[in-house]
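Okay, target.cif now, which holds mmCIF, C-alpha atoms:
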```
data_final
loop_
_atom_site.label_atom_id
_atom_site.label_comp_id
_atom_site.auth_asym_id
_atom_site.auth_seq_id
_atom_site.Cartn_x
_atom_site.Cartn_y
_atom_site.Cartn_z
CA MET A 66 18.84 -65.73 60.07
CA ALA A 67 16.30 -64.29 57.58
CA ASP A 68 14.53 -66.54 55.08
CA TYR A 69 15.02 -65.65 51.43
CA HIS A 70 12.59 -66.98 48.82
CA PHE A 71 13.87 -67.09 45.25
CA VAL A 72 11.46 -67.88 42.40
CA TYR A 73 13.14 -69.18 39.30
CA LYS A 74 11.49 -68.22 35.98
CA ASP A 75 12.62 -70.18 32.95
CA VAL A 76 12.78 -68.98 29.36
CA GLU A 77 9.31 -68.40 27.87
CA GLY A 78 8.05 -71.54 26.19
CA ALA A 79 10.37 -73.87 28.11
CA SER A 80 8.93 -76.99 29.79
CA THR A 81 10.10 -79.72 32.16
CA GLN A 82 10.06 -83.40 31.37
CA TRP A 83 7.46 -83.90 34.11
CA ASP A 84 5.17 -81.28 32.57
CA ASP A 85 5.49 -82.93 29.18
CA ILE A 86 4.44 -86.29 30.65
CA GLN A 87 1.45 -84.68 32.38
CA ARG A 88 0.37 -83.00 29.14
CA ARG A 89 0.50 -86.32 27.27
CA LEU A 90 -1.71 -87.82 30.01
CA GLY A 91 -4.12 -84.89 29.70
CA ASN A 92 -3.49 -83.59 33.21
CA LEU A 93 -2.15 -80.24 32.00
CA PRO A 94 -3.38 -77.95 29.19
CA ALA A 95 -1.38 -77.78 25.99
CA LYS A 96 1.70 -75.62 26.09
CA PRO A 97 0.99 -72.21 24.46
CA GLU A 98 2.97 -71.33 21.36
CA PRO A 99 5.84 -68.93 22.06
CA PHE A 100 5.20 -65.39 20.89
CA LYS A 101 6.73 -64.54 17.54
CA PRO A 102 6.64 -60.94 16.36
CA PRO A 103 5.53 -60.48 12.72
CA ALA A 104 8.29 -60.27 10.16
CA PHE A 105 9.37 -56.75 9.34
CA ALA A 106 8.08 -55.54 5.96
CA PRO A 107 9.14 -52.08 4.89
CA LYS A 108 6.38 -49.83 3.57
CA VAL A 109 6.27 -49.88 -0.20
CA ASP A 110 6.35 -46.47 -1.86
CA ALA A 111 4.50 -46.67 -5.17
CA ASP A 112 6.58 -43.81 -6.57
CA GLU A 113 9.78 -45.80 -5.98
CA GLN A 114 8.53 -48.99 -7.63
CA PRO A 115 10.09 -49.82 -11.02
CA LYS A 116 7.90 -48.71 -13.92
CA SER A 117 6.80 -51.20 -16.56
CA LYS A 118 4.86 -51.21 -19.83
CA GLU A 119 1.80 -52.63 -18.02
CA TRP A 120 2.08 -49.97 -15.32
CA LEU A 121 2.12 -47.24 -17.96
CA ASP A 122 -0.93 -48.74 -19.70
CA ALA A 123 -2.95 -48.16 -16.54
CA ARG A 124 -2.09 -44.45 -16.29
CA GLU A 125 -4.39 -41.60 -17.29
CA PRO A 126 -3.19 -38.89 -19.74
CA ASP A 127 -2.52 -36.33 -17.00
CA GLU A 128 -0.46 -38.91 -15.07
CA LEU A 129 1.59 -39.69 -18.19
CA GLU A 130 2.28 -35.99 -18.62
CA GLU A 131 3.70 -35.79 -15.09
CA LEU A 132 6.00 -38.80 -15.65
CA GLU A 133 8.13 -37.08 -18.29
CA ASP A 134 10.98 -36.15 -15.91
CA ASP A 135 10.85 -39.47 -14.01
CA LEU A 136 11.50 -41.58 -17.12
CA GLU A 137 14.29 -39.57 -18.73
CA ASP A 138 16.87 -42.21 -17.78
CA ASP A 139 14.88 -45.08 -19.29
CA ARG A 140 14.73 -44.51 -23.00
CA PHE A 141 12.39 -47.42 -23.74
CA LEU A 142 9.80 -46.46 -21.15
CA GLU A 143 9.99 -42.79 -22.09
CA GLN A 144 9.41 -43.71 -25.74
CA TYR A 145 6.54 -45.99 -24.78
CA ARG A 146 5.07 -43.26 -22.55
CA ARG A 147 4.99 -40.87 -25.51
CA MET A 148 3.44 -43.48 -27.77
CA ARG A 149 0.78 -44.32 -25.16
CA LEU A 150 -0.02 -40.64 -24.64
CA ALA A 151 -0.42 -40.17 -28.41
CA GLU A 152 -2.79 -43.17 -28.55
CA LEU A 153 -4.95 -41.77 -25.76
CA ARG A 154 -5.11 -38.35 -27.39
CA GLU A 155 -6.05 -39.89 -30.72
CA ALA A 156 -8.74 -42.01 -29.08
CA ALA A 157 -10.15 -38.94 -27.38
CA LYS A 158 -10.36 -37.16 -30.74
CA THR A 159 -11.93 -40.17 -32.44
CA ALA A 160 -14.71 -40.72 -29.91
CA ARG A 161 -16.86 -37.82 -31.08
CA PHE A 162 -20.20 -39.21 -29.99
CA GLY A 163 -20.80 -42.68 -28.46
CA THR A 164 -24.45 -42.34 -27.36
CA ILE A 165 -27.90 -41.68 -28.83
CA VAL A 166 -28.60 -37.99 -28.29
CA PRO A 167 -32.28 -37.01 -27.82
CA ILE A 168 -33.26 -33.95 -29.89
CA THR A 169 -36.39 -31.93 -30.59
CA GLY A 170 -37.78 -30.49 -33.80
CA SER A 171 -36.02 -27.17 -33.20
CA ASP A 172 -32.66 -29.00 -32.87
CA PHE A 173 -32.98 -30.92 -36.14
CA VAL A 174 -31.31 -28.46 -38.51
CA ARG A 175 -28.36 -27.83 -36.19
CA GLU A 176 -27.81 -31.45 -35.11
CA VAL A 177 -28.59 -33.22 -38.39
CA SER A 178 -28.72 -31.00 -41.49
CA GLN A 179 -25.73 -28.91 -40.44
CA ALA A 180 -23.56 -31.80 -39.26
CA PRO A 181 -20.02 -31.78 -40.77
CA PRO A 182 -19.76 -33.38 -44.24
CA ASP A 183 -17.58 -36.21 -42.92
CA VAL A 184 -20.15 -37.22 -40.28
CA TRP A 185 -22.92 -39.74 -40.94
CA VAL A 186 -26.04 -39.13 -38.85
CA VAL A 187 -28.50 -41.90 -37.93
CA VAL A 188 -31.86 -40.35 -36.99
CA PHE A 189 -34.17 -42.62 -34.97
CA LEU A 190 -37.88 -41.67 -35.14
CA TYR A 191 -39.86 -43.32 -32.35
CA LYS A 192 -42.90 -43.19 -30.10
CA ASP A 193 -42.96 -44.22 -26.45
CA GLY A 194 -45.01 -47.31 -25.67
CA ILE A 195 -44.43 -49.06 -29.01
CA PRO A 196 -42.50 -52.33 -28.39
CA GLU A 197 -40.78 -52.27 -31.81
CA CYS A 198 -39.32 -48.87 -30.98
CA GLY A 199 -37.85 -50.17 -27.73
CA LEU A 200 -36.33 -53.16 -29.51
CA LEU A 201 -34.68 -51.05 -32.20
CA GLN A 202 -33.45 -48.49 -29.68
CA THR A 203 -31.63 -51.22 -27.75
CA CYS A 204 -29.82 -52.24 -30.95
CA LEU A 205 -28.94 -48.64 -31.80
CA GLU A 206 -27.59 -47.95 -28.31
CA GLU A 207 -25.07 -50.77 -28.73
CA LEU A 208 -24.07 -49.54 -32.19
CA ALA A 209 -23.71 -45.96 -30.97
CA THR A 210 -21.25 -47.10 -28.32
CA LYS A 211 -19.23 -49.23 -30.73
CA TYR A 212 -19.18 -46.79 -33.67
CA ALA A 213 -18.50 -43.53 -31.87
CA GLU A 214 -17.52 -41.70 -35.07
CA THR A 215 -21.12 -41.99 -36.33
CA LYS A 216 -23.67 -39.61 -34.83
CA PHE A 217 -26.87 -41.15 -33.45
CA VAL A 218 -29.87 -38.99 -32.51
CA LYS A 219 -33.44 -39.86 -31.57
CA ILE A 220 -36.57 -37.75 -31.91
CA ILE A 221 -40.26 -38.35 -31.32
CA SER A 222 -41.72 -39.04 -34.77
CA THR A 223 -44.38 -36.32 -34.72
CA ASP A 224 -41.82 -33.74 -33.51
CA CYS A 225 -39.77 -34.51 -36.59
CA ILE A 226 -42.62 -34.93 -39.11
CA PRO A 227 -46.04 -33.54 -38.07
CA ASN A 228 -48.84 -36.13 -38.22
CA TYR A 229 -46.35 -38.93 -38.95
CA PRO A 230 -48.38 -42.19 -38.69
CA ASP A 231 -47.61 -44.40 -35.69
CA ARG A 232 -47.83 -47.45 -37.99
CA ASN A 233 -44.57 -46.25 -39.62
CA VAL A 234 -42.50 -46.16 -36.46
CA PRO A 235 -39.84 -47.03 -35.75
CA THR A 236 -38.20 -45.25 -38.68
CA ILE A 237 -34.53 -44.58 -39.34
CA LEU A 238 -33.32 -41.73 -41.55
CA VAL A 239 -29.67 -41.67 -42.56
CA TYR A 240 -28.13 -38.25 -43.33
CA ASN A 241 -24.79 -37.22 -44.75
CA ASN A 242 -23.67 -33.84 -46.04
CA SER A 243 -27.17 -32.35 -45.46
CA ALA A 244 -28.90 -35.00 -47.63
CA VAL A 245 -31.00 -38.07 -46.85
CA LYS A 246 -29.02 -41.16 -47.89
CA GLY A 247 -31.36 -43.84 -46.60
CA THR A 248 -34.83 -44.42 -45.13
CA TYR A 249 -35.86 -47.52 -43.17
CA VAL A 250 -39.50 -47.81 -42.13
CA GLY A 251 -40.34 -50.48 -39.56
CA LEU A 252 -38.19 -53.48 -38.66
CA GLN A 253 -38.54 -55.51 -41.87
CA LYS A 254 -35.09 -54.70 -43.28
CA PHE A 255 -33.48 -55.37 -39.90
CA GLY A 256 -34.91 -58.87 -39.41
CA GLY A 257 -38.30 -58.03 -37.94
CA LYS A 258 -38.84 -58.64 -34.24
CA LYS A 259 -35.73 -60.83 -34.21
CA CYS A 260 -33.49 -57.92 -35.18
CA THR A 261 -30.10 -57.67 -33.53
CA PRO A 262 -27.38 -54.99 -33.48
CA GLU A 263 -25.58 -57.07 -36.13
CA SER A 264 -28.55 -57.20 -38.51
CA VAL A 265 -29.13 -53.45 -38.10
CA ALA A 266 -25.45 -52.75 -38.78
CA LEU A 267 -25.45 -54.86 -41.95
CA ALA A 268 -28.56 -53.11 -43.27
CA LEU A 269 -27.17 -49.63 -42.59
CA CYS A 270 -23.86 -50.41 -44.29
CA GLN A 271 -25.18 -52.18 -47.38
CA SER A 272 -24.41 -49.31 -49.75
CA ASP A 273 -22.71 -46.60 -47.68
CA PRO A 274 -20.11 -46.44 -44.89
CA VAL A 275 -22.69 -45.25 -42.38
CA LEU A 276 -21.09 -46.83 -39.31
CA ASN A 277 -17.61 -45.58 -38.58
CA ASP A 278 -15.42 -46.71 -35.69
CA GLY A 279 -12.76 -44.14 -36.53
CA GLN A 280 -10.13 -46.79 -37.26
CA GLY A 281 -9.81 -46.20 -41.00
CA GLY A 282 -11.06 -44.46 -44.11
CA SER A 283 -14.63 -44.62 -45.36
CA ASP A 284 -14.36 -47.71 -47.57
CA SER A 285 -12.06 -49.64 -45.26
CA SER A 286 -14.25 -48.72 -42.28
CA ARG A 287 -17.34 -50.02 -44.09
CA ASN A 288 -15.56 -53.26 -44.99
CA ASN A 289 -14.29 -53.65 -41.44
CA VAL A 290 -17.79 -53.12 -40.06
CA ILE A 291 -19.33 -55.71 -42.37
CA GLU A 292 -16.57 -58.24 -41.71
CA GLY A 293 -16.75 -57.66 -37.95
CA VAL A 294 -20.54 -57.97 -37.93
CA ARG A 295 -20.45 -61.22 -39.87
CA ARG A 296 -17.83 -62.64 -37.51
CA LYS A 297 -19.91 -61.59 -34.49
CA PHE A 298 -23.02 -63.16 -36.03
CA ILE A 299 -21.19 -66.47 -36.59
CA GLU A 300 -19.92 -66.43 -33.00
CA LYS A 301 -23.47 -65.94 -31.72
CA VAL A 302 -24.80 -68.80 -33.86
CA VAL A 303 -22.05 -71.14 -32.63
CA ALA A 304 -22.66 -70.11 -28.99
CA GLN A 305 -26.39 -70.74 -29.33
CA HIS A 306 -25.74 -74.15 -30.95
CA GLU A 307 -23.36 -75.15 -28.14
CA ALA A 308 -25.88 -73.99 -25.53
CA ARG A 309 -28.58 -76.16 -27.10
CA GLU A 310 -26.22 -79.15 -27.16
CA ASP A 311 -25.44 -78.64 -23.46
CA GLU A 312 -29.16 -78.56 -22.66
CA ASP A 313 -29.73 -81.77 -24.61
CA ASP A 314 -26.84 -83.49 -22.79
CA SER A 315 -28.19 -82.42 -19.40
CA ASP A 316 -31.60 -83.90 -20.25
#
```
Will you turn the file into structure tokens for me?
Amino acid sequence: MADYHFVYKDVEGASTQWDDIQRRLGNLPAKPEPFKPPAFAPKVDADEQPKSKEWLDAREPDELEELEDDLEDDRFLEQYRRMRLAELREAAKTARFGTIVPITGSDFVREVSQAPPDVWVVVFLYKDGIPECGLLQTCLEELATKYAETKFVKIISTDCIPNYPDRNVPTILVYNNSAVKGTYVGLQKFGGKKCTPESVALALCQSDPVLNDGQGGSDSSRNNVIEGVRRKFIEKVVAQHEAREDEDDSD
């Protein structure tokens, strides 16, 4: 009679009482964890996700244009989409400038004298290698970004005015409607070598609404600038005071 050998294989992960005793005694390695397949997670389609106000805020103008048909059934989101699109278009119109544009003497009439009557132009006369010029330029760069409705240009002093003395730079000329409205020679009126964007802004807006953020009319814009600058100045003073107190406490 033939011999038949049958090998019994238990369910994966199963163990005998004897094996468990041997594992507790350290005679057998630990029992491996039974295999568990990862939970099924259907792929998320971004186009099928519910739209929200926050989701719309993150969209670019061309994306908002394409969403018109998708949001027809949701009156609130469609209304908000239109409002958001109008805000972006208005912001794009408002941000005329936003940087300091370098010009040459031949550009001056076109860029400054012939600027539209509603545009204030801040002309920065400078010379490379003069530390005061670098300090004032840093302040003006911040203001140009913040007040994008005001035009900022910079020109080498002797390109603008032949034989202009280096002792007079930096100089700022303020133009509006083809006329010079203000002249600032050196840093004295801006706080000297301790000048900040806030002190420059206050000096420029003392009598005229030179800095314009595009958020209101001329007078209201000037008042908003002055109020905002004062608030920013106070915040800086408080921050510096707190920093000094922290240093004293650490000592």
Under the PyMOL selection byres ((chain A and resi 237) around 12), which residues of this model are included? Write them out as a CSV table (one decimal) with C-alpha atoms, in the coordinates of the input.
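As a result, out-v4.csv now contains:
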```csv
chain,number,residue,atom,x,y,z
A,186,VAL,CA,-26.0,-39.1,-38.8
A,187,VAL,CA,-28.5,-41.9,-37.9
A,188,VAL,CA,-31.9,-40.4,-37.0
A,189,PHE,CA,-34.2,-42.6,-35.0
A,190,LEU,CA,-37.9,-41.7,-35.1
A,191,TYR,CA,-39.9,-43.3,-32.4
A,198,CYS,CA,-39.3,-48.9,-31.0
A,201,LEU,CA,-34.7,-51.0,-32.2
A,202,GLN,CA,-33.4,-48.5,-29.7
A,205,LEU,CA,-28.9,-48.6,-31.8
A,217,PHE,CA,-26.9,-41.2,-33.4
A,218,VAL,CA,-29.9,-39.0,-32.5
A,219,LYS,CA,-33.4,-39.9,-31.6
A,220,ILE,CA,-36.6,-37.8,-31.9
A,221,ILE,CA,-40.3,-38.4,-31.3
A,222,SER,CA,-41.7,-39.0,-34.8
A,225,CYS,CA,-39.8,-34.5,-36.6
A,233,ASN,CA,-44.6,-46.2,-39.6
A,234,VAL,CA,-42.5,-46.2,-36.5
A,235,PRO,CA,-39.8,-47.0,-35.8
A,236,THR,CA,-38.2,-45.2,-38.7
A,238,LEU,CA,-33.3,-41.7,-41.6
A,239,VAL,CA,-29.7,-41.7,-42.6
A,240,TYR,CA,-28.1,-38.2,-43.3
A,245,VAL,CA,-31.0,-38.1,-46.8
A,246,LYS,CA,-29.0,-41.2,-47.9
A,247,GLY,CA,-31.4,-43.8,-46.6
A,248,THR,CA,-34.8,-44.4,-45.1
A,249,TYR,CA,-35.9,-47.5,-43.2
A,250,VAL,CA,-39.5,-47.8,-42.1
A,251,GLY,CA,-40.3,-50.5,-39.6
A,252,LEU,CA,-38.2,-53.5,-38.7
A,253,GLN,CA,-38.5,-55.5,-41.9
A,254,LYS,CA,-35.1,-54.7,-43.3
A,255,PHE,CA,-33.5,-55.4,-39.9
A,265,VAL,CA,-29.1,-53.4,-38.1
A,268,ALA,CA,-28.6,-53.1,-43.3
A,269,LEU,CA,-27.2,-49.6,-42.6
```
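Put simply, CA of Glu176 (chain A) is 27.1 Å away from CA of Cys260 (chain A).
Between CA of Gly194 (chain A) and CA of Arg232 (chain A) the separation is 12.6 Å.
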Practice problem: Have a look at CA of Pro196 (chain A) and CA of Lys216 (chain A) and let me know their distance in Å, one decimal. | Solution: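 The value is 23.6 Å.
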Practice problem: List the residues matched by the PyMOL selection byres ((chain A and resi 215) around 9) in the displayed structure as a list of chain:residue names, ordered by chain and then by residue number. | Solution: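 Selected by the PyMOL selection byres ((chain A and resi 215) around 9) here: A:Arg161, A:Phe162, A:Gly163, A:Val184, A:Trp185, A:Val186, A:Val187, A:Ala209, A:Tyr212, A:Ala213, A:Glu214, A:Lys216, A:Phe217, A:Val275, A:Leu276, A:Asn277, A:Asp278, A:Gly279.
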Quiz item: Smallest atom-to-atom distance to Asn242 (chain A): which of A:Trp83, A:Pro262, A:Ser171, A:Ala180, using all atoms listed in the file?
Solution: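 With all atoms listed in the file as the atom set, the closest residue is A:Ala180.
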